[in-house]
>>> print(open('protein05.tsv').read())   # TSV, C-alpha atoms
chain	number	residue	atom	x	y	z
A	1	MET	CA	91.59	131.76	206.53
A	2	LYS	CA	94.29	129.17	205.85
A	3	LYS	CA	97.85	129.67	207.00
A	4	LYS	CA	100.60	129.59	204.40
A	5	LEU	CA	103.17	126.84	204.86
A	6	ASN	CA	106.81	126.96	203.80
A	7	VAL	CA	108.86	123.77	204.09
A	8	ILE	CA	112.64	123.84	203.97
A	9	ASP	CA	115.07	120.94	203.97
A	10	LEU	CA	118.09	121.40	206.25
A	11	ASP	CA	121.15	119.69	204.80
A	12	GLU	CA	122.72	121.26	201.72
A	13	THR	CA	119.67	123.50	201.44
A	14	LEU	CA	119.25	125.80	204.42
A	15	ILE	CA	122.81	125.01	205.48
A	16	LYS	CA	125.71	124.49	203.11
A	17	LEU	CA	126.75	121.09	204.45
A	18	ASP	CA	125.33	117.71	205.39
A	19	SER	CA	124.92	117.98	209.17
A	20	LEU	CA	124.73	114.24	209.82
A	21	ARG	CA	127.81	113.52	207.74
A	22	TYR	CA	129.62	116.35	209.54
A	23	LEU	CA	128.55	114.96	212.93
A	24	ILE	CA	129.77	111.42	212.29
A	25	LEU	CA	132.93	112.25	210.33
A	26	LYS	CA	134.23	115.43	211.99
A	27	TRP	CA	132.34	116.54	215.09
A	28	GLN	CA	132.17	113.20	216.95
A	29	PRO	CA	133.52	110.33	214.85
A	30	ARG	CA	132.87	106.87	216.29
A	31	LEU	CA	134.85	103.80	215.30
A	32	GLU	CA	131.90	101.46	215.88
A	33	LEU	CA	130.11	103.17	212.99
A	34	ILE	CA	132.76	102.30	210.38
A	35	PHE	CA	131.62	98.69	209.90
A	36	PHE	CA	127.98	99.78	209.58
A	37	ALA	CA	128.98	102.50	207.11
A	38	ILE	CA	130.72	99.90	204.94
A	39	LEU	CA	127.55	97.78	204.98
A	40	ARG	CA	125.56	100.86	203.90
A	41	ILE	CA	128.01	101.66	201.09
A	42	LEU	CA	127.68	98.06	199.88
A	43	LYS	CA	123.88	98.50	200.08
A	44	LEU	CA	123.62	95.69	202.61
A	45	LYS	CA	121.86	98.09	204.98
A	46	THR	CA	119.08	100.50	204.07
A	47	ARG	CA	119.22	104.24	204.57
A	48	ALA	CA	116.68	103.88	207.40
A	49	GLU	CA	118.74	101.14	209.12
A	50	PHE	CA	121.84	103.31	208.88
A	51	CYS	CA	119.99	106.32	210.29
A	52	GLN	CA	118.63	104.18	213.13
A	53	LYS	CA	122.13	102.93	213.97
A	54	ILE	CA	123.49	106.49	214.05
A	55	ILE	CA	120.69	107.72	216.29
A	56	PHE	CA	121.17	104.78	218.68
A	57	LEU	CA	124.96	105.28	218.77
A	58	TYR	CA	124.63	109.02	219.34
A	59	GLN	CA	121.95	108.93	222.07
A	60	ASP	CA	124.37	110.38	224.64
A	61	PHE	CA	125.17	113.30	222.33
A	62	LEU	CA	121.58	113.85	221.16
A	63	HIS	CA	120.27	114.06	224.73
A	64	ASP	CA	123.02	116.38	226.00
A	65	HIS	CA	121.54	119.86	225.54
A	66	LYS	CA	124.89	121.61	225.86
A	67	GLN	CA	126.51	119.44	223.17
A	68	VAL	CA	123.51	119.84	220.87
A	69	ASP	CA	123.54	123.63	221.41
A	70	ASN	CA	127.25	123.78	220.54
A	71	PHE	CA	126.68	121.68	217.43
A	72	VAL	CA	123.77	123.90	216.36
A	73	LYS	CA	125.91	127.03	216.85
A	74	MET	CA	128.42	125.51	214.44
A	75	LEU	CA	125.65	124.65	211.95
A	76	LEU	CA	124.35	128.22	212.09
A	77	LEU	CA	127.77	129.37	210.85
A	78	HIS	CA	127.00	127.42	207.65
A	79	LEU	CA	123.57	128.96	207.15
A	80	ASN	CA	122.79	129.66	203.50
A	81	LYS	CA	121.65	133.28	203.81
A	82	ASP	CA	120.42	133.38	200.20
A	83	ILE	CA	118.02	130.52	200.90
A	84	LEU	CA	116.91	132.14	204.16
A	85	ASP	CA	116.24	135.39	202.24
A	86	ILE	CA	114.02	133.47	199.81
A	87	VAL	CA	112.09	131.97	202.73
A	88	HIS	CA	111.64	135.44	204.25
A	89	HIS	CA	110.47	136.78	200.87
A	90	HIS	CA	107.71	134.13	200.88
A	91	THR	CA	106.77	134.77	204.52
A	92	ASP	CA	104.09	137.03	205.92
A	93	GLU	CA	102.13	137.15	209.19
A	94	THR	CA	100.03	134.12	208.13
A	95	THR	CA	103.01	131.91	207.25
A	96	GLU	CA	104.41	129.01	209.23
A	97	ASN	CA	107.98	128.06	208.31
A	98	ILE	CA	109.12	124.53	209.10
A	99	ILE	CA	112.32	122.61	208.58
A	100	ILE	CA	111.85	118.92	207.83
A	101	SER	CA	114.99	116.80	207.63
A	102	ALA	CA	116.15	113.20	207.70
A	103	SER	CA	118.80	114.31	210.23
A	104	PRO	CA	118.19	113.69	213.96
A	105	HIS	CA	115.20	115.51	215.38
A	106	GLN	CA	117.02	116.64	218.53
A	107	TYR	CA	119.27	119.08	216.73
A	108	VAL	CA	116.95	119.87	213.80
A	109	GLU	CA	114.40	121.19	216.30
A	110	VAL	CA	116.97	123.34	218.15
A	111	PHE	CA	118.36	124.66	214.86
A	112	ALA	CA	114.87	125.62	213.66
A	113	ASN	CA	114.01	127.29	216.97
A	114	ASN	CA	117.07	129.53	216.53
A	115	LEU	CA	115.44	130.82	213.32
A	116	SER	CA	111.93	131.13	214.85
A	117	MET	CA	110.78	128.09	212.90
A	118	ARG	CA	109.62	124.62	213.81
A	119	GLY	CA	111.90	121.70	213.12
A	120	TYR	CA	111.29	118.01	212.61
A	121	GLY	CA	113.72	115.19	211.98
A	122	SER	CA	114.30	111.48	212.36
A	123	LYS	CA	113.87	110.02	215.83
A	124	ILE	CA	113.47	106.86	217.82
A	125	ILE	CA	109.93	106.05	218.90
A	126	GLY	CA	109.99	103.05	221.23
A	127	GLN	CA	112.22	100.51	219.50
A	128	ASN	CA	111.44	101.86	216.02
A	129	ILE	CA	112.71	104.78	214.02
A	130	PHE	CA	110.70	107.49	212.35
A	131	HIS	CA	113.01	108.12	209.40
A	132	CYS	CA	111.92	111.53	208.13
A	133	TYR	CA	112.80	110.78	204.52
A	134	GLY	CA	110.93	110.40	201.24
A	135	GLU	CA	107.40	109.10	201.65
A	136	GLN	CA	107.55	109.24	205.46
A	137	LYS	CA	108.35	112.95	205.23
A	138	ILE	CA	105.27	113.50	203.02
A	139	ASN	CA	103.05	111.44	205.33
A	140	PHE	CA	104.28	113.44	208.33
A	141	LEU	CA	103.59	116.71	206.55
A	142	ILE	CA	100.07	115.76	205.42
A	143	LYS	CA	99.15	114.40	208.86
A	144	ASN	CA	100.49	117.34	210.86
A	145	TYR	CA	99.88	120.15	208.36
A	146	PRO	CA	96.76	119.08	206.41
A	147	GLN	CA	95.98	120.90	203.18
A	148	GLU	CA	92.52	121.78	204.47
A	149	ASN	CA	94.23	124.04	207.04
A	150	TYR	CA	97.33	125.15	205.12
A	151	ASP	CA	98.16	126.60	201.73
A	152	TYR	CA	101.28	124.73	200.66
A	153	ASN	CA	103.23	127.77	199.55
A	154	LEU	CA	107.01	127.24	199.29
A	155	ALA	CA	109.21	124.15	199.43
A	156	LEU	CA	112.99	123.98	199.05
A	157	SER	CA	115.18	120.88	198.98
A	158	ASP	CA	118.37	119.54	197.46
A	159	SER	CA	117.24	115.92	197.49
A	160	SER	CA	115.55	114.01	194.68
A	161	SER	CA	113.82	112.01	197.43
A	162	ASP	CA	111.76	115.17	198.05
A	163	ILE	CA	110.44	115.58	194.48
A	164	LEU	CA	106.94	114.34	195.35
A	165	LEU	CA	106.88	116.64	198.38
A	166	LEU	CA	108.01	119.60	196.27
A	167	LYS	CA	105.24	118.97	193.76
A	168	LEU	CA	102.64	119.61	196.48
A	169	PHE	CA	103.66	123.28	196.76
A	170	LYS	CA	102.81	126.40	194.77
A	171	TYR	CA	106.48	127.47	194.65
A	172	SER	CA	108.95	124.62	194.76
A	173	TYR	CA	112.64	124.50	194.00
A	174	MET	CA	115.51	122.06	193.96
A	175	VAL	CA	118.67	123.59	195.39
A	176	ARG	CA	121.85	122.78	193.50
A	177	ASP	CA	125.11	124.49	194.48
A	178	SER	CA	123.06	127.13	196.32
A	179	LYS	CA	121.11	127.89	193.12
A	180	LEU	CA	117.36	127.43	192.79
A	181	ILE	CA	115.88	125.34	190.00
A	182	ASN	CA	112.10	125.36	189.60
A	183	ILE	CA	110.87	121.80	190.17
A	184	ASP	CA	109.16	121.64	186.76
A	185	GLU	CA	112.33	122.79	184.99
A	186	TYR	CA	114.35	120.32	187.06
A	187	LEU	CA	112.06	117.44	186.09
A	188	ASP	CA	112.04	118.48	182.41
A	189	TYR	CA	115.85	118.54	182.41
A	190	LYS	CA	116.09	115.25	184.30
A	191	ASN	CA	113.65	113.53	181.92
A	192	SER	CA	115.23	114.84	178.70
>>> encode(input="protein05.tsv", output="structure tokens")
Amino acid sequence: MKKKLNVIDLDETLIKLDSLRYLILKWQPRLELIFFAILRILKLKTRAEFCQKIIFLYQDFLHDHKQVDNFVKMLLLHLNKDILDIVHHHTDETTENIIISASPHQYVEVFANNLSMRGYGSKIIGQNIFHCYGEQKINFLIKNYPQENYDYNLALSDSSSDILLLKLFKYSYMVRDSKLINIDEYLDYKNS
């Protein structure tokens, strides 16, 4: 029998803020990131390049378990309990719940573990980055949770970059201002 799979995005979905933005602007701002942020705003750097720069700059933080734990405790204060209730409603003994996020893997994994889930995020592999975003997120999901072994049950995200991922699931919703919009209704509205 196949396991059911629920996939939840982290930022502005399962939590009510953007964790990476909070990290770099409020929790541990770094001056050396300002120039790179300007290049990103001007679209002179890609989203993946910006993510890679952040992960390289924050290696000391991301590998300090105490700092990551403290950051995760703060993120848990911003948990969207309504979204978590929906996940629980779609969960039974055969369900695996995973959080997949473009945010850094080190704290996404710890956050997910606090909720008895698995967590996956962007990370450095050698000198390259696995940017868990868009198509790479889908490829990761299909490789690690193949449809021959899993019923793709529920998917929740706030990001239009996850539309193709959402369409793989039986129940899939865009999250806007903590409200759920069925993916088909969202696409109909967006295309009208």
>>> residues_around(input="protein05.tsv", residues="Leu57 (chain A)", least_positions_apart="2", cutoff="12 Å", atoms="all atoms listed in the file", output="MDAnalysis selection string")
chainID A and resid 23:24 28:34 36 50:55 59:63 104 124
>>> residues_around(input="protein05.tsv", residues="region 150-166 of chain A", least_positions_apart="6", cutoff="8 Å", atoms="only C-alpha atoms", output="ChimeraX atom specification")
/A:2-13,87,90,133-134,137-138,172-176,183
>>> atom_distance(input="protein05.tsv", atom1="CA of Gly119 (chain A)", atom2="CA of His105 (chain A)")
7.4 Å
>>> closest_residue(input="protein05.tsv", among="A:Leu115, A:Val108, A:Ile38, A:Leu79", to="Lys16 (chain A)", atoms="only C-alpha atoms")
A:Leu79
>>> atom_distance(input="protein05.tsv", atom1="CA of Ile181 (chain A)", atom2="CA of Ser122 (chain A)")
26.4 Å
>>> closest_residue(input="protein05.tsv", among="A:Leu77, A:Ile125, A:Leu25, A:Cys132", to="Ser103 (chain A)", atoms="only C-alpha atoms")
A:Cys132
>>> closest_residue(input="protein05.tsv", among="A:Ala37, A:Ile15, A:Met117, A:Val72", to="Ser178 (chain A)", atoms="all atoms listed in the file")
A:Ile15
>>> closest_residue(input="protein05.tsv", among="A:Lys190, A:Lys73, A:Lys43, A:Lys170", to="Phe111 (chain A)", atoms="all atoms listed in the file")
A:Lys73
>>> atom_distance(input="protein05.tsv", atom1="CA of Glu109 (chain A)", atom2="CA of Asp92 (chain A)")
21.6 Å
>>> axis_aligned_box(input="protein05.tsv", around="region 182-190 of chain A", padding_each_side="5 Å", output="AutoDock Vina command-line options")
--center_x 112.6 --center_y 120.3 --center_z 186.3 --size_x 16.9 --size_y 20.1 --size_z 17.8
>>> closest_residue(input="protein05.tsv", among="A:Tyr171, A:Phe130, A:Tyr22, A:Tyr145", to="Ala102 (chain A)", atoms="only C-alpha atoms")
A:Phe130
>>> closest_residue(input="protein05.tsv", among="A:Tyr58, A:Ala112, A:Ser101, A:Gly121", to="Leu84 (chain A)", atoms="all atoms listed in the file")
A:Ala112
>>> decode(input="protein05.tsv", residues="region 21-69 of chain A", atoms="N, CA and C atoms", output="PDB file, in the first residue's frame")
ATOM      1  N   ARG A  21      14.088  36.278   4.815  1.00  0.00           N
ATOM      2  CA  ARG A  21      14.059  37.741   4.893  1.00  0.00           C
ATOM      3  C   ARG A  21      14.217  38.191   6.352  1.00  0.00           C
ATOM      4  N   TYR A  22      13.538  37.500   7.255  1.00  0.00           N
ATOM      5  CA  TYR A  22      13.639  37.834   8.678  1.00  0.00           C
ATOM      6  C   TYR A  22      15.071  37.629   9.175  1.00  0.00           C
ATOM      7  N   LEU A  23      15.693  36.531   8.756  1.00  0.00           N
ATOM      8  CA  LEU A  23      17.069  36.243   9.156  1.00  0.00           C
ATOM      9  C   LEU A  23      18.017  37.350   8.723  1.00  0.00           C
ATOM     10  N   ILE A  24      17.942  37.753   7.463  1.00  0.00           N
ATOM     11  CA  ILE A  24      18.939  38.696   6.944  1.00  0.00           C
ATOM     12  C   ILE A  24      18.623  40.156   7.256  1.00  0.00           C
ATOM     13  N   LEU A  25      17.367  40.471   7.554  1.00  0.00           N
ATOM     14  CA  LEU A  25      17.026  41.864   7.846  1.00  0.00           C
ATOM     15  C   LEU A  25      16.907  42.162   9.336  1.00  0.00           C
ATOM     16  N   LYS A  26      16.505  41.166  10.142  1.00  0.00           N
ATOM     17  CA  LYS A  26      16.246  41.439  11.559  1.00  0.00           C
ATOM     18  C   LYS A  26      17.067  40.583  12.517  1.00  0.00           C
ATOM     19  N   TRP A  27      17.164  39.297  12.250  1.00  0.00           N
ATOM     20  CA  TRP A  27      17.806  38.393  13.205  1.00  0.00           C
ATOM     21  C   TRP A  27      19.324  38.587  13.212  1.00  0.00           C
ATOM     22  N   GLN A  28      19.943  38.569  12.029  1.00  0.00           N
ATOM     23  CA  GLN A  28      21.391  38.733  11.903  1.00  0.00           C
ATOM     24  C   GLN A  28      21.720  39.501  10.627  1.00  0.00           C
ATOM     25  N   PRO A  29      21.398  40.796  10.586  1.00  0.00           N
ATOM     26  CA  PRO A  29      21.717  41.562   9.374  1.00  0.00           C
ATOM     27  C   PRO A  29      23.229  41.630   9.143  1.00  0.00           C
ATOM     28  N   ARG A  30      23.618  41.606   7.889  1.00  0.00           N
ATOM     29  CA  ARG A  30      25.045  41.652   7.530  1.00  0.00           C
ATOM     30  C   ARG A  30      25.239  42.701   6.447  1.00  0.00           C
ATOM     31  N   LEU A  31      26.128  43.636   6.728  1.00  0.00           N
ATOM     32  CA  LEU A  31      26.370  44.731   5.787  1.00  0.00           C
ATOM     33  C   LEU A  31      26.860  44.237   4.434  1.00  0.00           C
ATOM     34  N   GLU A  32      27.669  43.187   4.426  1.00  0.00           N
ATOM     35  CA  GLU A  32      28.232  42.698   3.164  1.00  0.00           C
ATOM     36  C   GLU A  32      27.164  42.162   2.207  1.00  0.00           C
ATOM     37  N   LEU A  33      25.947  41.984   2.707  1.00  0.00           N
ATOM     38  CA  LEU A  33      24.864  41.485   1.866  1.00  0.00           C
ATOM     39  C   LEU A  33      24.134  42.612   1.132  1.00  0.00           C
ATOM     40  N   ILE A  34      24.293  43.839   1.591  1.00  0.00           N
ATOM     41  CA  ILE A  34      23.555  44.969   1.009  1.00  0.00           C
ATOM     42  C   ILE A  34      23.855  45.126  -0.480  1.00  0.00           C
ATOM     43  N   PHE A  35      25.127  45.129  -0.845  1.00  0.00           N
ATOM     44  CA  PHE A  35      25.507  45.290  -2.252  1.00  0.00           C
ATOM     45  C   PHE A  35      24.894  44.179  -3.105  1.00  0.00           C
ATOM     46  N   PHE A  36      24.975  42.937  -2.615  1.00  0.00           N
ATOM     47  CA  PHE A  36      24.430  41.807  -3.363  1.00  0.00           C
ATOM     48  C   PHE A  36      22.912  41.911  -3.475  1.00  0.00           C
ATOM     49  N   ALA A  37      22.271  42.418  -2.424  1.00  0.00           N
ATOM     50  CA  ALA A  37      20.814  42.602  -2.450  1.00  0.00           C
ATOM     51  C   ALA A  37      20.422  43.629  -3.510  1.00  0.00           C
ATOM     52  N   ILE A  38      21.206  44.683  -3.631  1.00  0.00           N
ATOM     53  CA  ILE A  38      20.933  45.701  -4.659  1.00  0.00           C
ATOM     54  C   ILE A  38      21.053  45.074  -6.048  1.00  0.00           C
ATOM     55  N   LEU A  39      22.079  44.258  -6.252  1.00  0.00           N
ATOM     56  CA  LEU A  39      22.234  43.574  -7.540  1.00  0.00           C
ATOM     57  C   LEU A  39      21.040  42.661  -7.829  1.00  0.00           C
ATOM     58  N   ARG A  40      20.521  42.018  -6.793  1.00  0.00           N
ATOM     59  CA  ARG A  40      19.348  41.147  -6.967  1.00  0.00           C
ATOM     60  C   ARG A  40      18.117  41.969  -7.324  1.00  0.00           C
ATOM     61  N   ILE A  41      17.920  43.087  -6.615  1.00  0.00           N
ATOM     62  CA  ILE A  41      16.776  43.960  -6.889  1.00  0.00           C
ATOM     63  C   ILE A  41      16.821  44.460  -8.331  1.00  0.00           C
ATOM     64  N   LEU A  42      18.026  44.770  -8.808  1.00  0.00           N
ATOM     65  CA  LEU A  42      18.201  45.242 -10.185  1.00  0.00           C
ATOM     66  C   LEU A  42      18.181  44.095 -11.198  1.00  0.00           C
ATOM     67  N   LYS A  43      17.975  42.883 -10.700  1.00  0.00           N
ATOM     68  CA  LYS A  43      17.930  41.668 -11.519  1.00  0.00           C
ATOM     69  C   LYS A  43      19.257  41.378 -12.227  1.00  0.00           C
ATOM     70  N   LEU A  44      20.349  41.839 -11.608  1.00  0.00           N
ATOM     71  CA  LEU A  44      21.679  41.541 -12.120  1.00  0.00           C
ATOM     72  C   LEU A  44      22.225  40.245 -11.527  1.00  0.00           C
ATOM     73  N   LYS A  45      21.538  39.723 -10.531  1.00  0.00           N
ATOM     74  CA  LYS A  45      21.842  38.420  -9.943  1.00  0.00           C
ATOM     75  C   LYS A  45      20.548  37.616  -9.899  1.00  0.00           C
ATOM     76  N   THR A  46      20.669  36.320 -10.133  1.00  0.00           N
ATOM     77  CA  THR A  46      19.485  35.457 -10.102  1.00  0.00           C
ATOM     78  C   THR A  46      19.093  35.151  -8.659  1.00  0.00           C
ATOM     79  N   ARG A  47      17.895  34.631  -8.513  1.00  0.00           N
ATOM     80  CA  ARG A  47      17.420  34.197  -7.193  1.00  0.00           C
ATOM     81  C   ARG A  47      18.372  33.138  -6.621  1.00  0.00           C
ATOM     82  N   ALA A  48      18.813  32.200  -7.459  1.00  0.00           N
ATOM     83  CA  ALA A  48      19.720  31.139  -7.004  1.00  0.00           C
ATOM     84  C   ALA A  48      21.066  31.715  -6.572  1.00  0.00           C
ATOM     85  N   GLU A  49      21.599  32.682  -7.327  1.00  0.00           N
ATOM     86  CA  GLU A  49      22.873  33.308  -6.946  1.00  0.00           C
ATOM     87  C   GLU A  49      22.745  34.046  -5.618  1.00  0.00           C
ATOM     88  N   PHE A  50      21.615  34.708  -5.429  1.00  0.00           N
ATOM     89  CA  PHE A  50      21.381  35.430  -4.176  1.00  0.00           C
ATOM     90  C   PHE A  50      21.283  34.447  -3.009  1.00  0.00           C
ATOM     91  N   CYS A  51      20.558  33.372  -3.211  1.00  0.00           N
ATOM     92  CA  CYS A  51      20.424  32.341  -2.176  1.00  0.00           C
ATOM     93  C   CYS A  51      21.792  31.749  -1.835  1.00  0.00           C
ATOM     94  N   GLN A  52      22.585  31.473  -2.858  1.00  0.00           N
ATOM     95  CA  GLN A  52      23.921  30.921  -2.641  1.00  0.00           C
ATOM     96  C   GLN A  52      24.773  31.882  -1.822  1.00  0.00           C
ATOM     97  N   LYS A  53      24.721  33.159  -2.142  1.00  0.00           N
ATOM     98  CA  LYS A  53      25.494  34.167  -1.409  1.00  0.00           C
ATOM     99  C   LYS A  53      25.071  34.191   0.061  1.00  0.00           C
ATOM    100  N   ILE A  54      23.779  34.163   0.305  1.00  0.00           N
ATOM    101  CA  ILE A  54      23.277  34.176   1.686  1.00  0.00           C
ATOM    102  C   ILE A  54      23.781  32.949   2.440  1.00  0.00           C
ATOM    103  N   ILE A  55      23.654  31.789   1.827  1.00  0.00           N
ATOM    104  CA  ILE A  55      24.073  30.565   2.510  1.00  0.00           C
ATOM    105  C   ILE A  55      25.575  30.582   2.784  1.00  0.00           C
ATOM    106  N   PHE A  56      26.381  31.071   1.837  1.00  0.00           N
ATOM    107  CA  PHE A  56      27.824  31.181   2.086  1.00  0.00           C
ATOM    108  C   PHE A  56      28.111  32.171   3.213  1.00  0.00           C
ATOM    109  N   LEU A  57      27.451  33.331   3.189  1.00  0.00           N
ATOM    110  CA  LEU A  57      27.685  34.355   4.221  1.00  0.00           C
ATOM    111  C   LEU A  57      27.239  33.909   5.610  1.00  0.00           C
ATOM    112  N   TYR A  58      26.240  33.055   5.663  1.00  0.00           N
ATOM    113  CA  TYR A  58      25.670  32.648   6.949  1.00  0.00           C
ATOM    114  C   TYR A  58      26.118  31.254   7.385  1.00  0.00           C
ATOM    115  N   GLN A  59      27.217  30.746   6.829  1.00  0.00           N
ATOM    116  CA  GLN A  59      27.698  29.414   7.206  1.00  0.00           C
ATOM    117  C   GLN A  59      27.936  29.289   8.708  1.00  0.00           C
ATOM    118  N   ASP A  60      28.523  30.323   9.319  1.00  0.00           N
ATOM    119  CA  ASP A  60      28.784  30.257  10.762  1.00  0.00           C
ATOM    120  C   ASP A  60      27.474  30.093  11.533  1.00  0.00           C
ATOM    121  N   PHE A  61      26.465  30.846  11.160  1.00  0.00           N
ATOM    122  CA  PHE A  61      25.156  30.750  11.808  1.00  0.00           C
ATOM    123  C   PHE A  61      24.510  29.392  11.533  1.00  0.00           C
ATOM    124  N   LEU A  62      24.493  28.983  10.271  1.00  0.00           N
ATOM    125  CA  LEU A  62      23.788  27.764   9.870  1.00  0.00           C
ATOM    126  C   LEU A  62      24.393  26.491  10.463  1.00  0.00           C
ATOM    127  N   HIS A  63      25.657  26.553  10.858  1.00  0.00           N
ATOM    128  CA  HIS A  63      26.307  25.376  11.443  1.00  0.00           C
ATOM    129  C   HIS A  63      26.467  25.483  12.956  1.00  0.00           C
ATOM    130  N   ASP A  64      25.851  26.486  13.550  1.00  0.00           N
ATOM    131  CA  ASP A  64      25.847  26.644  15.006  1.00  0.00           C
ATOM    132  C   ASP A  64      24.484  26.175  15.512  1.00  0.00           C
ATOM    133  N   HIS A  65      24.452  24.961  16.051  1.00  0.00           N
ATOM    134  CA  HIS A  65      23.179  24.338  16.442  1.00  0.00           C
ATOM    135  C   HIS A  65      22.400  25.180  17.444  1.00  0.00           C
ATOM    136  N   LYS A  66      23.093  25.818  18.360  1.00  0.00           N
ATOM    137  CA  LYS A  66      22.397  26.629  19.363  1.00  0.00           C
ATOM    138  C   LYS A  66      21.714  27.829  18.706  1.00  0.00           C
ATOM    139  N   GLN A  67      22.429  28.500  17.791  1.00  0.00           N
ATOM    140  CA  GLN A  67      21.828  29.647  17.099  1.00  0.00           C
ATOM    141  C   GLN A  67      20.651  29.216  16.225  1.00  0.00           C
ATOM    142  N   VAL A  68      20.807  28.108  15.529  1.00  0.00           N
ATOM    143  CA  VAL A  68      19.719  27.602  14.684  1.00  0.00           C
ATOM    144  C   VAL A  68      18.519  27.238  15.554  1.00  0.00           C
ATOM    145  N   ASP A  69      18.764  26.565  16.678  1.00  0.00           N
ATOM    146  CA  ASP A  69      17.661  26.207  17.586  1.00  0.00           C
ATOM    147  C   ASP A  69      16.925  27.442  18.084  1.00  0.00           C
TER     148      ASP A  69
END
